[in-house]
Structure formats: structure tokens, C-alpha cells
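With compact mmCIF, C-alpha atoms inside, this is protein33.txt:
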```txt
# COMPACT_ATOMS: atom_id res chain seq x y z
CA MET Y 1 46.67 -53.98 28.78
CA ALA Y 2 47.10 -54.44 25.04
CA VAL Y 3 48.39 -51.46 23.13
CA THR Y 4 45.67 -50.00 20.87
CA LEU Y 5 45.87 -48.16 17.60
CA GLY Y 6 44.77 -45.05 19.48
CA ASP Y 7 47.83 -45.36 21.74
CA VAL Y 8 50.06 -45.49 18.66
CA ALA Y 9 48.34 -42.44 17.15
CA ARG Y 10 48.79 -40.41 20.33
CA HIS Y 11 52.44 -41.47 20.69
CA ALA Y 12 53.15 -40.48 17.06
CA GLY Y 13 51.14 -37.25 17.31
CA VAL Y 14 48.88 -38.11 14.37
CA SER Y 15 45.18 -38.73 13.91
CA LEU Y 16 43.69 -42.18 14.38
CA ALA Y 17 42.82 -42.28 10.66
CA THR Y 18 46.40 -41.51 9.68
CA ALA Y 19 47.75 -44.19 12.01
CA SER Y 20 45.30 -46.69 10.55
CA ARG Y 21 46.26 -45.86 6.97
CA ALA Y 22 49.97 -46.10 7.79
CA LEU Y 23 49.77 -49.49 9.51
CA ASN Y 24 46.89 -51.19 7.73
CA GLY Y 25 47.94 -50.42 4.15
CA SER Y 26 44.92 -48.44 3.03
CA ALA Y 27 44.69 -47.39 -0.59
CA ARG Y 28 44.70 -43.80 0.73
CA SER Y 29 48.41 -43.49 1.41
CA VAL Y 30 50.21 -41.18 3.80
CA THR Y 31 53.59 -39.60 3.30
CA GLU Y 32 56.64 -41.74 3.89
CA GLU Y 33 57.70 -39.42 6.73
CA LEU Y 34 54.41 -39.86 8.61
CA SER Y 35 54.34 -43.58 7.86
CA ALA Y 36 57.84 -44.04 9.29
CA LYS Y 37 56.87 -42.03 12.38
CA VAL Y 38 53.79 -44.19 12.99
CA ARG Y 39 55.71 -47.44 12.48
CA ALA Y 40 58.39 -46.29 14.91
CA SER Y 41 55.74 -45.56 17.53
CA ALA Y 42 54.12 -48.94 16.94
CA ASP Y 43 57.47 -50.68 17.41
CA ALA Y 44 58.26 -48.66 20.54
CA LEU Y 45 54.92 -49.51 22.13
CA GLY Y 46 54.86 -53.15 20.96
CA TYR Y 47 51.65 -52.71 18.99
CA LEU Y 48 50.30 -55.82 17.23
CA PRO Y 49 48.38 -54.98 14.02
CA ASN Y 50 44.77 -56.09 13.71
CA ALA Y 51 44.62 -58.52 10.78
CA PRO Y 52 40.88 -58.04 10.05
CA ALA Y 53 41.39 -54.26 10.07
CA GLN Y 54 44.26 -54.62 7.62
CA ALA Y 55 42.09 -56.75 5.37
CA LEU Y 56 39.33 -54.14 5.40
CA ALA Y 57 41.79 -51.39 4.62
CA ARG Y 58 43.43 -53.26 1.76
CA SER Y 59 40.24 -54.92 0.46
CA SER Y 60 42.12 -58.23 0.72
CA GLY Y 61 43.77 -60.14 3.54
CA ALA Y 62 46.86 -62.23 3.94
CA THR Y 63 44.93 -65.48 3.63
CA ILE Y 64 44.16 -67.92 0.82
CA GLY Y 65 40.98 -69.93 1.28
CA VAL Y 66 41.03 -73.56 0.14
CA LEU Y 67 37.78 -75.44 -0.44
CA LEU Y 68 38.02 -79.22 -0.63
CA HIS Y 69 35.85 -82.20 0.17
CA ASP Y 70 37.75 -83.80 3.05
CA VAL Y 71 41.18 -82.81 4.34
CA ALA Y 72 41.52 -86.30 5.86
CA ASP Y 73 41.46 -87.80 2.35
CA PRO Y 74 45.12 -88.10 1.26
CA TYR Y 75 44.22 -86.85 -2.23
CA PHE Y 76 42.99 -83.55 -0.84
CA GLY Y 77 45.66 -83.57 1.84
CA GLY Y 78 48.33 -83.62 -0.85
CA ILE Y 79 46.73 -80.68 -2.65
CA ALA Y 80 46.30 -78.75 0.60
CA ARG Y 81 49.98 -79.27 1.38
CA GLY Y 82 50.94 -77.81 -1.98
CA VAL Y 83 48.65 -74.81 -1.44
CA GLY Y 84 49.98 -74.23 2.06
CA ASP Y 85 53.63 -74.38 1.02
CA ALA Y 86 53.10 -72.01 -1.92
CA ALA Y 87 51.06 -69.61 0.22
CA ALA Y 88 53.80 -69.56 2.88
CA ARG Y 89 56.42 -68.75 0.26
CA ALA Y 90 54.26 -65.77 -0.72
CA GLY Y 91 53.99 -64.65 2.90
CA LEU Y 92 50.37 -65.77 3.16
CA MET Y 93 48.42 -68.22 5.29
CA SER Y 94 46.10 -70.91 3.91
CA LEU Y 95 42.70 -71.54 5.45
CA VAL Y 96 41.38 -75.01 4.61
CA THR Y 97 37.64 -75.74 4.68
CA SER Y 98 36.19 -79.22 4.19
CA THR Y 99 32.78 -79.25 2.51
CA ASP Y 100 32.15 -83.04 2.38
CA GLY Y 101 31.26 -82.59 -1.29
CA ASP Y 102 28.10 -80.71 -0.30
CA PRO Y 103 27.50 -77.74 -2.65
CA ARG Y 104 25.43 -75.95 0.01
CA ARG Y 105 28.37 -76.01 2.41
CA GLU Y 106 30.66 -74.89 -0.39
CA LEU Y 107 28.37 -71.94 -1.15
CA GLU Y 108 28.33 -70.92 2.53
CA ALA Y 109 32.12 -71.21 2.70
CA ILE Y 110 32.59 -68.98 -0.37
CA ARG Y 111 30.39 -66.31 1.16
CA MET Y 112 32.24 -66.49 4.48
CA LEU Y 113 35.63 -66.27 2.80
CA HIS Y 114 34.36 -63.30 0.80
CA ALA Y 115 33.18 -61.59 3.99
CA HIS Y 116 36.63 -62.11 5.52
CA ARG Y 117 38.26 -60.65 2.40
CA VAL Y 118 40.68 -63.47 1.76
CA ARG Y 119 43.22 -62.72 -0.97
CA ALA Y 120 42.18 -65.68 -3.13
CA ILE Y 121 40.05 -68.82 -3.12
CA VAL Y 122 41.33 -72.16 -4.43
CA LEU Y 123 38.59 -74.60 -5.47
CA ALA Y 124 40.20 -77.98 -4.84
CA GLY Y 125 37.05 -80.11 -4.71
CA SER Y 126 35.45 -81.65 -7.74
CA ALA Y 127 33.26 -79.42 -9.87
CA TYR Y 128 29.58 -80.35 -9.91
CA ASN Y 129 27.43 -81.37 -12.85
CA ASP Y 130 24.16 -79.85 -11.60
CA ILE Y 131 23.49 -76.65 -13.58
CA ALA Y 132 21.46 -75.00 -10.81
CA VAL Y 133 24.25 -75.66 -8.30
CA LEU Y 134 26.87 -74.30 -10.69
CA GLN Y 135 24.87 -71.12 -11.22
CA GLN Y 136 24.65 -70.44 -7.48
CA LEU Y 137 28.36 -71.03 -6.98
CA ASP Y 138 29.26 -68.89 -10.00
CA GLU Y 139 27.12 -66.03 -8.69
CA ALA Y 140 28.86 -66.10 -5.30
CA LEU Y 141 32.32 -66.34 -6.86
CA THR Y 142 31.56 -63.57 -9.36
CA ALA Y 143 30.52 -61.25 -6.53
CA TYR Y 144 33.79 -62.06 -4.78
CA GLN Y 145 35.85 -61.44 -7.93
CA GLU Y 146 34.10 -58.12 -8.61
CA GLN Y 147 35.47 -56.87 -5.29
CA GLY Y 148 39.03 -57.82 -6.18
CA GLY Y 149 39.15 -61.46 -5.11
CA ARG Y 150 40.91 -64.08 -7.21
CA VAL Y 151 39.73 -67.63 -7.87
CA ALA Y 152 41.76 -70.59 -9.10
CA ALA Y 153 40.25 -74.03 -9.67
CA ILE Y 154 41.81 -77.47 -9.73
CA THR Y 155 40.01 -79.33 -12.57
CA ASP Y 156 37.54 -77.55 -14.82
CA HIS Y 157 35.03 -75.39 -12.93
CA GLY Y 158 34.05 -73.36 -15.98
CA PRO Y 159 35.55 -70.58 -18.12
CA LEU Y 160 35.40 -67.86 -15.45
CA TYR Y 161 38.37 -69.01 -13.41
CA ASP Y 162 42.08 -69.67 -13.65
CA THR Y 163 42.34 -73.45 -13.87
CA VAL Y 164 44.79 -76.25 -13.21
CA GLU Y 165 43.70 -78.74 -15.85
CA VAL Y 166 44.17 -82.30 -14.59
CA ALA Y 167 44.49 -85.15 -17.11
CA ASN Y 168 41.82 -87.29 -15.44
CA ARG Y 169 40.27 -88.61 -18.64
CA GLU Y 170 43.59 -89.24 -20.34
CA GLY Y 171 45.04 -90.92 -17.26
CA ALA Y 172 42.08 -93.28 -16.91
CA ALA Y 173 42.29 -94.20 -20.60
CA SER Y 174 46.02 -94.88 -20.32
CA LEU Y 175 45.50 -97.09 -17.28
CA THR Y 176 42.83 -99.10 -19.08
CA HIS Y 177 45.05 -99.54 -22.13
CA SER Y 178 47.95 -100.63 -19.90
CA LEU Y 179 45.85 -103.40 -18.35
CA GLY Y 180 44.60 -104.36 -21.79
CA LEU Y 181 48.20 -104.83 -22.89
CA LEU Y 182 48.60 -107.27 -19.99
CA GLY Y 183 45.80 -109.31 -21.55
CA HIS Y 184 42.74 -108.22 -19.55
CA ARG Y 185 39.40 -108.31 -21.31
CA ARG Y 186 36.86 -108.57 -18.46
CA PHE Y 187 36.81 -105.29 -16.55
CA ALA Y 188 34.83 -103.88 -13.65
CA VAL Y 189 34.86 -100.18 -12.83
CA ILE Y 190 34.18 -98.40 -9.55
CA THR Y 191 33.76 -94.66 -9.92
CA GLY Y 192 32.39 -91.75 -7.92
CA PRO Y 193 28.90 -90.22 -7.89
CA GLU Y 194 27.45 -88.60 -10.99
CA ARG Y 195 27.39 -85.17 -9.35
CA MET Y 196 31.21 -85.02 -9.43
CA ARG Y 197 32.84 -83.95 -12.69
CA VAL Y 198 36.11 -85.69 -11.82
CA ALA Y 199 34.31 -89.02 -11.48
CA GLU Y 200 32.66 -88.55 -14.87
CA ASP Y 201 35.92 -87.54 -16.55
CA ARG Y 202 37.72 -90.61 -15.24
CA LEU Y 203 34.88 -92.92 -16.20
CA ASP Y 204 34.76 -91.42 -19.69
CA GLY Y 205 38.46 -92.18 -20.07
CA VAL Y 206 37.92 -95.83 -19.18
CA LEU Y 207 34.96 -96.12 -21.55
CA ASP Y 208 36.94 -94.46 -24.35
CA ALA Y 209 39.70 -97.04 -23.99
CA LEU Y 210 37.28 -99.96 -23.82
CA ARG Y 211 35.52 -98.83 -27.00
CA GLU Y 212 38.86 -98.55 -28.79
CA SER Y 213 39.50 -102.19 -27.86
CA ASP Y 214 35.94 -103.32 -28.79
CA LEU Y 215 35.22 -104.16 -25.16
CA THR Y 216 32.19 -103.43 -22.99
CA LEU Y 217 31.36 -103.71 -19.32
CA GLY Y 218 29.14 -106.59 -18.29
CA GLU Y 219 25.91 -106.24 -16.34
CA GLY Y 220 26.62 -104.84 -12.87
CA MET Y 221 30.31 -104.30 -13.63
CA LEU Y 222 30.00 -100.50 -13.31
CA GLN Y 223 29.41 -99.33 -9.76
CA ARG Y 224 29.09 -95.79 -8.43
CA THR Y 225 29.93 -94.87 -4.88
CA GLU Y 226 31.48 -92.12 -2.80
CA PHE Y 227 35.24 -91.93 -3.15
CA THR Y 228 35.85 -93.55 0.25
CA ARG Y 229 37.33 -96.80 1.53
CA GLU Y 230 33.90 -97.95 2.69
CA GLY Y 231 32.39 -97.03 -0.67
CA GLY Y 232 35.03 -99.02 -2.55
CA ARG Y 233 34.52 -102.05 -0.34
CA ALA Y 234 30.73 -102.02 -0.74
CA ALA Y 235 31.02 -101.56 -4.51
CA MET Y 236 33.40 -104.51 -4.78
CA ALA Y 237 30.98 -106.64 -2.78
CA ARG Y 238 28.19 -105.76 -5.20
CA ILE Y 239 30.33 -106.72 -8.19
CA LEU Y 240 31.16 -110.10 -6.67
CA ASP Y 241 27.55 -110.74 -5.71
CA VAL Y 242 26.31 -109.89 -9.22
CA ALA Y 243 28.79 -112.31 -10.77
CA GLN Y 244 27.84 -115.06 -8.34
CA GLU Y 245 24.09 -114.59 -8.76
CA SER Y 246 24.27 -114.46 -12.56
CA GLY Y 247 26.79 -117.27 -12.88
CA THR Y 248 29.11 -115.10 -14.99
CA PRO Y 249 32.89 -115.15 -14.69
CA LEU Y 250 34.54 -112.70 -12.33
CA PRO Y 251 36.25 -109.68 -13.87
CA THR Y 252 39.97 -110.15 -14.25
CA ALA Y 253 40.67 -106.47 -13.56
CA VAL Y 254 38.94 -103.91 -11.32
CA LEU Y 255 39.55 -100.21 -11.92
CA ALA Y 256 38.75 -98.25 -8.76
CA LEU Y 257 39.04 -94.64 -9.91
CA SER Y 258 40.34 -93.44 -6.55
CA ASP Y 259 43.13 -94.97 -4.46
CA ILE Y 260 41.00 -94.73 -1.32
CA CYS Y 261 38.28 -96.75 -3.07
CA ALA Y 262 40.92 -99.24 -4.19
CA ALA Y 263 41.99 -99.76 -0.57
CA GLY Y 264 38.43 -100.84 0.20
CA VAL Y 265 38.41 -103.12 -2.86
CA LEU Y 266 41.56 -104.89 -1.64
CA ALA Y 267 40.06 -105.32 1.82
CA GLU Y 268 36.88 -106.91 0.44
CA LEU Y 269 38.80 -109.28 -1.84
CA ARG Y 270 41.07 -110.29 1.03
CA ASP Y 271 38.10 -111.09 3.26
CA ARG Y 272 36.59 -113.22 0.49
CA ALA Y 273 39.88 -115.09 -0.01
CA ILE Y 274 40.25 -113.82 -3.58
CA SER Y 275 43.93 -113.34 -4.35
CA VAL Y 276 45.32 -110.17 -5.94
CA PRO Y 277 46.61 -110.14 -8.65
CA GLU Y 278 46.44 -113.93 -9.23
CA GLN Y 279 42.63 -113.98 -9.53
CA ILE Y 280 41.76 -110.29 -9.92
CA SER Y 281 44.05 -107.36 -10.70
CA VAL Y 282 43.22 -104.09 -8.93
CA ALA Y 283 44.22 -100.55 -9.92
CA GLY Y 284 43.48 -97.17 -8.39
CA PHE Y 285 43.91 -93.51 -9.31
CA ASP Y 286 45.85 -90.56 -7.72
CA ASP Y 287 48.97 -92.32 -6.30
CA ILE Y 288 48.50 -91.14 -2.73
CA PRO Y 289 51.31 -92.15 -0.30
CA LEU Y 290 49.19 -95.05 0.97
CA ALA Y 291 49.31 -96.71 -2.46
CA THR Y 292 52.81 -98.13 -1.93
CA ASP Y 293 51.99 -99.31 1.61
CA LEU Y 294 49.02 -101.46 0.62
CA ALA Y 295 49.48 -105.21 0.22
CA PRO Y 296 50.03 -105.74 -2.61
CA ALA Y 297 51.36 -102.33 -3.61
CA LEU Y 298 48.73 -100.59 -5.70
CA SER Y 299 48.97 -99.94 -9.43
CA THR Y 300 47.55 -96.50 -10.06
CA VAL Y 301 47.65 -93.24 -12.00
CA ARG Y 302 50.06 -90.73 -10.51
CA LEU Y 303 48.95 -87.12 -10.20
CA PRO Y 304 51.33 -84.39 -8.94
CA LEU Y 305 49.02 -83.46 -6.05
CA ALA Y 306 51.25 -80.97 -4.23
CA LYS Y 307 52.28 -79.38 -7.52
CA MET Y 308 48.61 -79.00 -8.46
CA GLY Y 309 47.98 -77.05 -5.26
CA ALA Y 310 51.05 -74.87 -5.78
CA SER Y 311 50.06 -74.19 -9.39
CA ALA Y 312 46.63 -73.01 -8.26
CA VAL Y 313 48.24 -70.53 -5.87
CA ARG Y 314 50.55 -69.27 -8.61
CA LEU Y 315 47.59 -68.65 -10.88
CA ALA Y 316 45.60 -66.93 -8.15
CA LEU Y 317 48.44 -64.56 -7.23
CA ARG Y 318 49.74 -63.78 -10.71
CA GLU Y 319 49.87 -60.13 -11.69
CA SER Y 320 50.15 -60.50 -15.48
CA GLY Y 321 46.99 -60.92 -17.53
CA ARG Y 322 44.63 -60.17 -14.65
CA GLY Y 323 41.04 -60.49 -15.76
CA LYS Y 324 41.80 -63.07 -18.42
CA PRO Y 325 41.60 -66.67 -17.12
CA GLU Y 326 44.75 -68.73 -17.53
CA THR Y 327 45.30 -72.47 -17.43
CA SER Y 328 48.08 -74.73 -16.22
CA SER Y 329 48.33 -78.45 -16.96
CA ALA Y 330 48.86 -81.36 -14.55
CA PHE Y 331 49.78 -84.56 -16.33
CA ALA Y 332 48.97 -88.12 -15.31
CA GLU Y 333 51.35 -91.08 -15.31
CA VAL Y 334 50.44 -94.77 -15.12
CA VAL Y 335 52.38 -96.61 -12.41
CA LEU Y 336 52.07 -100.41 -12.45
CA ARG Y 337 52.89 -102.21 -9.20
CA ASP Y 338 52.23 -105.62 -7.63
CA SER Y 339 48.42 -105.38 -7.59
CA THR Y 340 48.20 -105.96 -11.35
CA ALA Y 341 49.49 -108.78 -13.55
CA ALA Y 342 48.51 -110.71 -16.64
CA PRO Y 343 45.24 -112.65 -16.12
CA ARG Y 344 45.38 -116.39 -15.57
CA THR Y 345 44.73 -118.42 -18.68
CA ASP Y 346 42.89 -121.26 -16.91
```

For the structure just supplied, provide its representation as C-alpha cells.
Amino acid sequence: MAVTLGDVARHAGVSLATASRALNGSARSVTEELSAKVRASADALGYLPNAPAQALARSSGATIGVLLHDVADPYFGGIARGVGDAAARAGLMSLVTSTDGDPRRELEAIRMLHAHRVRAIVLAGSAYNDIAVLQQLDEALTAYQEQGGRVAAITDHGPLYDTVEVANREGAASLTHSLGLLGHRRFAVITGPERMRVAEDRLDGVLDALRESDLTLGEGMLQRTEFTREGGRAAMARILDVAQESGTPLPTAVLALSDICAAGVLAELRDRAISVPEQISVAGFDDIPLATDLAPALSTVRLPLAKMGASAVRLALRESGRGKPETSSAFAEVVLRDSTAAPRTD
């Protein structure tokens, strides 16, 4: 039979409450002599501490909760890896929860993580633009913070939280300017849904750069979709169909503001026998590992995904300046590969 805390207490000749405080790290400390006696008994009997009991005693556990949209998405997978590695270095475990970008599931997950007294919560999914949704999430996170929990967000989730600021807008603008320098003037853009702040930030960066070059997007050349391969493929099909039906020239460059979307774009163009980059240049965003394996290799905006996750953990666990939100920056870098080239002049 498993050794219980009561067995340890009897072996050490102390009360059950004293044994619990000694092993579970309660704020009500016991003397070092008693603590050593209890630990020696626990070792002698082979007692395994109860993690939930320790969390209750300490008001925080040895776990960091990570909320993201889809762990199968390499973008979020890279962030989760960074969180997990940083948590392990701190002697903690990371608990990853996929919400599918559904704010209701995210709200439920926050409440569950709060109930389990995780040490910190990392918000790795995109912030939402719906004010009512934001208010509900803020209320749940505030209740968690008031009981000692820490929250760190990747991308701006508001002024209440430590934040890893990601240069989404700046990176998208730089990518657009880079393709403009190649000679592109007819652009199409595939971005995410309006509810996602990241999608809006990246789109704003593209539009900023186009305005600076006195360029605009043609009718139907802006498409919104989920940041998925299937979404990118369907959006590219719509762009091609609009051009064909209206008799307008095809865009010479397509900016898919997610590498996963860009993979779908390349698949649709391949099936329609449209060559990349000879007829249409294609660029993505994030620089996930898949980007270099695509054919042709994908031009994109590189984000330090693992570093972003590790930075969020550092912010969540910091001791200095507790109570005053702090920010850390994650910079973006344009990487041009074989999927982009100067447009044909014919």
C-alpha cells in the first residue's frame, strides 16, 4: 500500500498538520529541526508528496499553464517549446491547453488553471478585438492574479499583464517594402479573422507600407481566413477567381500573413499550374521550420518563436517589480528565399 502523510507523521512523532506544513511548504513554517525530522521519515518510508496538496499549501503549484490556439500549428509549437524549456530550467512543468481560438474555451481554461493553482499563466494565443470578450477574460485573470497568480502575454493583451511585444506590424511593413523593392506593384493579401489582434496588426503593417508607396489593393485582393493551410488555399482560390471573373491582371505578389496559410497558397497555385515565383511571388510570416522545406522555399518574416515563449516565462517568474507590468521585445526579420523574385516585365 502507498505510504500516506499520516504514516510519515506517526513515524516522525509529529502531528499530521506539522507533517503537512513541513513537506508541502505551507506559509506557516515549522522549525528546521522538526522539518528535518519529517523529511527523514518521509525518505525512510518512501513517501511521495501529493502535488495538489503542495499547491494548496503554497497557494501556487509547480506548473505553468500555457494557452494557445493549436499546439499542432508549428507557430504555437515553437512558442510552447520555448515555454517548456524555460519552465524546466526553473524546475517547473508546463501544461499546454489548445483553445482553437475560441474565447469561451480560453475562459474555461483560465478558470481551471486558477482552480489548480498553477504558478503562472502564459497567454500565447492572439488577443481578441471583441470588448465584451476581453472584459470576461480580464475579470478571470484579475481574480487569478489577486490570489498570487502571475500572467504573461505574448503580443498585446492589454496593460494589466507582463507582455512580450512582437513586431507584427513592423515585420509586415518591412516585408511589403522588400517586395516593393523587387518591383512588385500588384499585391494580394491573405490575413486572419478580424477577431484576432495579431491578424489586424499584420494587415495594418502591409497597408501602412502600401500607402507609403501610393499603392492600394484591388477589388477582392484582400481575403480573410483562419490561419490554416486549408484557409490559405481557399483564399488563394478566391483571389484567382476574382481576377478571372473581372478580367483584371493577376497580382504579382501574394502576402499570406502566416506561413501555414502560405503553404496552402503554394498548393493552390501548383494545382492551377501557376509558377512561383515566375508568375506570382508568395511570402509568409513567422518562419516556422516548414518554411525552408516548401517548394520553393518560402520567403517570410522570421520571429524568434522559442525565445518568445522563454521570455514570457521569465516575465511571469520575475521577482523584481512585482505588481508593475513589464515588457520584453521580440523583433522581426525579413527572410527572402526562392518563393519571391522580381515580377516579369511581359

### Message
At a cut-off of 6 Å, using only C-alpha atoms, what residues contact Cys261 in chain Y? Leave out same-chain residues fewer than 4 positions from it and give the result as a PyMOL selection string.
### Response
chain Y and resi 227-229+232+256

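Contact shell of Glu32 in chain Y at 12 Å (only C-alpha atoms; same-chain neighbours under 2 positions omitted): Thr18, Arg21, Ala22, Leu23, Ser29, Val30, Leu34, Ser35, Ala36, Lys37, Val38 and Arg39 of chain Y.
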
Output for the residues just chosen: C-alpha atoms as a PDB file, in the frame of the given file:
```
ATOM      1  CA  THR Y  18      46.400 -41.510   9.680  1.00  0.00           C
ATOM      2  CA  ARG Y  21      46.260 -45.860   6.970  1.00  0.00           C
ATOM      3  CA  ALA Y  22      49.970 -46.100   7.790  1.00  0.00           C
ATOM      4  CA  LEU Y  23      49.770 -49.490   9.510  1.00  0.00           C
ATOM      5  CA  SER Y  29      48.410 -43.490   1.410  1.00  0.00           C
ATOM      6  CA  VAL Y  30      50.210 -41.180   3.800  1.00  0.00           C
ATOM      7  CA  LEU Y  34      54.410 -39.860   8.610  1.00  0.00           C
ATOM      8  CA  SER Y  35      54.340 -43.580   7.860  1.00  0.00           C
ATOM      9  CA  ALA Y  36      57.840 -44.040   9.290  1.00  0.00           C
ATOM     10  CA  LYS Y  37      56.870 -42.030  12.380  1.00  0.00           C
ATOM     11  CA  VAL Y  38      53.790 -44.190  12.990  1.00  0.00           C
ATOM     12  CA  ARG Y  39      55.710 -47.440  12.480  1.00  0.00           C
TER      13      ARG Y  39
END
```

#### Entry: Shortest interatomic distance to Met221 in chain Y - which of Y:Ala132, Y:Ala127, Y:Ala234, Y:Leu250, counting only C-alpha atoms
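Ranked by minimum distance to Met221 in chain Y, first place goes to Y:Leu250.
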
### Message
As an exercise, work out the distance from CA of Thr345 in chain Y to CA of Asp208 in chain Y in Å and give it to one decimal place.
### Response
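If I compute the distance from CA of Thr345 in chain Y to CA of Asp208 in chain Y, I get 25.8 Å.
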
#### Entry: d(CA of Val313 in chain Y, CA of Ser299 in chain Y) in Å
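We find that CA of Val313 in chain Y and CA of Ser299 in chain Y lie 29.6 Å from each other.
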
### Query
Which is closest to Glu230 in chain Y among Y:Val265, Y:Ala90, Y:Leu217, Y:Ala188, if we use only C-alpha atoms?
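Using only C-alpha atoms, Glu230 in chain Y sits closest to Y:Val265.
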
### Message
Just the number, please: distance in Å from CA of Leu298 in chain Y to CA of Arg169 in chain Y, one decimal.
### Response
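Calculated distance between CA of Leu298 in chain Y and CA of Arg169 in chain Y is 19.6 Å.
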
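Residues in contact with Val276 in chain Y at 8 Å, where all atoms listed in the file are counted and same-chain residues fewer than 6 positions away are skipped, are listed as Y:Leu266, Y:Leu269, Y:Val282, Y:Pro296, Y:Ser339, Y:Thr340.
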
Those selected residues, please, written with C-alpha atoms and delivered as a PDB file, keeping the file's coordinate frame.
```pdb
ATOM      1  CA  LEU Y 266      41.560-104.890  -1.640  1.00  0.00           C
ATOM      2  CA  LEU Y 269      38.800-109.280  -1.840  1.00  0.00           C
ATOM      3  CA  VAL Y 282      43.220-104.090  -8.930  1.00  0.00           C
ATOM      4  CA  PRO Y 296      50.030-105.740  -2.610  1.00  0.00           C
ATOM      5  CA  SER Y 339      48.420-105.380  -7.590  1.00  0.00           C
ATOM      6  CA  THR Y 340      48.200-105.960 -11.350  1.00  0.00           C
TER       7      THR Y 340
END
```

### Task
Find, counting all atoms listed in the file, the residue in Y:Gly13, Y:Gly91, Y:Pro193, Y:Gly205 that gets nearest to His177 in chain Y.
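So, comparing all the options, the nearest one is Y:Gly205.
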
### Message
Please determine, counting only C-alpha atoms, which residue among Y:Ala263, Y:Leu222, Y:Ala341, Y:Ala330 has the shortest atom-to-atom distance to Ile280 in chain Y.
### Response
Y:Ala341

Surrounding residues of Met308 in chain Y excluding itself and chain neighbours under 2 positions, 8 Å, all atoms listed in the file, as an mmCIF file with C-alpha atoms, in the coordinates of the input:
```cif
data_model
loop_
_atom_site.group_PDB
_atom_site.id
_atom_site.type_symbol
_atom_site.label_atom_id
_atom_site.label_comp_id
_atom_site.auth_asym_id
_atom_site.auth_seq_id
_atom_site.Cartn_x
_atom_site.Cartn_y
_atom_site.Cartn_z
ATOM 1 C CA ILE Y 79 46.730 -80.680 -2.650
ATOM 2 C CA GLY Y 82 50.940 -77.810 -1.980
ATOM 3 C CA ILE Y 154 41.810 -77.470 -9.730
ATOM 4 C CA VAL Y 164 44.790 -76.250 -13.210
ATOM 5 C CA PRO Y 304 51.330 -84.390 -8.940
ATOM 6 C CA LEU Y 305 49.020 -83.460 -6.050
ATOM 7 C CA ALA Y 306 51.250 -80.970 -4.230
ATOM 8 C CA ALA Y 310 51.050 -74.870 -5.780
ATOM 9 C CA SER Y 311 50.060 -74.190 -9.390
ATOM 10 C CA ALA Y 312 46.630 -73.010 -8.260
ATOM 11 C CA ALA Y 330 48.860 -81.360 -14.550
#
```

### Task
Return the single residue from Y:Asp286, Y:Ser258, Y:Ala109, Y:Leu317 that is closest to Gly148 in chain Y, with distances computed using only C-alpha atoms.
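With only C-alpha atoms as the atom set, the closest residue is Y:Leu317.
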
Ala253 in chain Y environment, 9 Å, only C-alpha atoms, sequence neighbours closer than 5 positions dropped, as a compact mmCIF listing (two decimals) with C-alpha atoms, keeping the file's coordinate frame:
```txt
# COMPACT_ATOMS: atom_id res chain seq x y z
CA LEU Y 179 45.85 -103.40 -18.35
CA HIS Y 184 42.74 -108.22 -19.55
CA ARG Y 185 39.40 -108.31 -21.31
CA ARG Y 186 36.86 -108.57 -18.46
CA PHE Y 187 36.81 -105.29 -16.55
CA ALA Y 188 34.83 -103.88 -13.65
CA VAL Y 189 34.86 -100.18 -12.83
CA PRO Y 277 46.61 -110.14 -8.65
CA GLN Y 279 42.63 -113.98 -9.53
CA ILE Y 280 41.76 -110.29 -9.92
CA SER Y 281 44.05 -107.36 -10.70
CA VAL Y 282 43.22 -104.09 -8.93
CA ALA Y 283 44.22 -100.55 -9.92
CA THR Y 340 48.20 -105.96 -11.35
CA PRO Y 343 45.24 -112.65 -16.12
```

### Query
Looking at all atoms listed in the file, which of Y:Val166, Y:Ala152, Y:Val96, Y:Val198 is the one that sits closest to Arg318 in chain Y?
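Closest residue, counting all atoms listed in the file: Y:Ala152.
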
Restrict the output to range 264-277 of chain Y and N, CA and C atoms, then write it as a PDB file, in the first residue's frame.
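The result, written out as out25.pdb:
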```pdb
ATOM      1  N   GLY Y 264      -0.753  26.636 -48.008  1.00  0.00           N
ATOM      2  CA  GLY Y 264      -1.974  26.399 -48.779  1.00  0.00           C
ATOM      3  C   GLY Y 264      -2.000  27.187 -50.069  1.00  0.00           C
ATOM      4  N   VAL Y 265      -1.473  28.414 -50.039  1.00  0.00           N
ATOM      5  CA  VAL Y 265      -1.382  29.245 -51.251  1.00  0.00           C
ATOM      6  C   VAL Y 265      -0.527  28.550 -52.302  1.00  0.00           C
ATOM      7  N   LEU Y 266       0.626  28.046 -51.894  1.00  0.00           N
ATOM      8  CA  LEU Y 266       1.520  27.363 -52.838  1.00  0.00           C
ATOM      9  C   LEU Y 266       0.848  26.129 -53.429  1.00  0.00           C
ATOM     10  N   ALA Y 267       0.100  25.411 -52.603  1.00  0.00           N
ATOM     11  CA  ALA Y 267      -0.588  24.207 -53.104  1.00  0.00           C
ATOM     12  C   ALA Y 267      -1.636  24.572 -54.152  1.00  0.00           C
ATOM     13  N   GLU Y 268      -2.398  25.634 -53.909  1.00  0.00           N
ATOM     14  CA  GLU Y 268      -3.431  26.041 -54.868  1.00  0.00           C
ATOM     15  C   GLU Y 268      -2.807  26.514 -56.176  1.00  0.00           C
ATOM     16  N   LEU Y 269      -1.742  27.290 -56.094  1.00  0.00           N
ATOM     17  CA  LEU Y 269      -1.076  27.764 -57.313  1.00  0.00           C
ATOM     18  C   LEU Y 269      -0.475  26.596 -58.091  1.00  0.00           C
ATOM     19  N   ARG Y 270       0.086  25.636 -57.396  1.00  0.00           N
ATOM     20  CA  ARG Y 270       0.647  24.467 -58.073  1.00  0.00           C
ATOM     21  C   ARG Y 270      -0.436  23.696 -58.822  1.00  0.00           C
ATOM     22  N   ASP Y 271      -1.590  23.505 -58.182  1.00  0.00           N
ATOM     23  CA  ASP Y 271      -2.675  22.769 -58.829  1.00  0.00           C
ATOM     24  C   ASP Y 271      -3.245  23.516 -60.024  1.00  0.00           C
ATOM     25  N   ARG Y 272      -3.111  24.829 -60.038  1.00  0.00           N
ATOM     26  CA  ARG Y 272      -3.611  25.621 -61.166  1.00  0.00           C
ATOM     27  C   ARG Y 272      -2.508  25.913 -62.190  1.00  0.00           C
ATOM     28  N   ALA Y 273      -1.373  25.260 -62.022  1.00  0.00           N
ATOM     29  CA  ALA Y 273      -0.248  25.386 -62.961  1.00  0.00           C
ATOM     30  C   ALA Y 273       0.235  26.825 -63.079  1.00  0.00           C
ATOM     31  N   ILE Y 274       0.215  27.543 -61.967  1.00  0.00           N
ATOM     32  CA  ILE Y 274       0.755  28.901 -61.914  1.00  0.00           C
ATOM     33  C   ILE Y 274       2.108  28.822 -61.218  1.00  0.00           C
ATOM     34  N   SER Y 275       3.158  29.207 -61.891  1.00  0.00           N
ATOM     35  CA  SER Y 275       4.505  29.014 -61.366  1.00  0.00           C
ATOM     36  C   SER Y 275       4.876  30.090 -60.352  1.00  0.00           C
ATOM     37  N   VAL Y 276       5.610  29.653 -59.336  1.00  0.00           N
ATOM     38  CA  VAL Y 276       6.105  30.534 -58.265  1.00  0.00           C
ATOM     39  C   VAL Y 276       7.628  30.432 -58.254  1.00  0.00           C
ATOM     40  N   PRO Y 277       8.325  31.557 -58.362  1.00  0.00           N
ATOM     41  CA  PRO Y 277       7.865  32.955 -58.360  1.00  0.00           C
ATOM     42  C   PRO Y 277       7.724  33.553 -59.756  1.00  0.00           C
TER      43      PRO Y 277
END
```
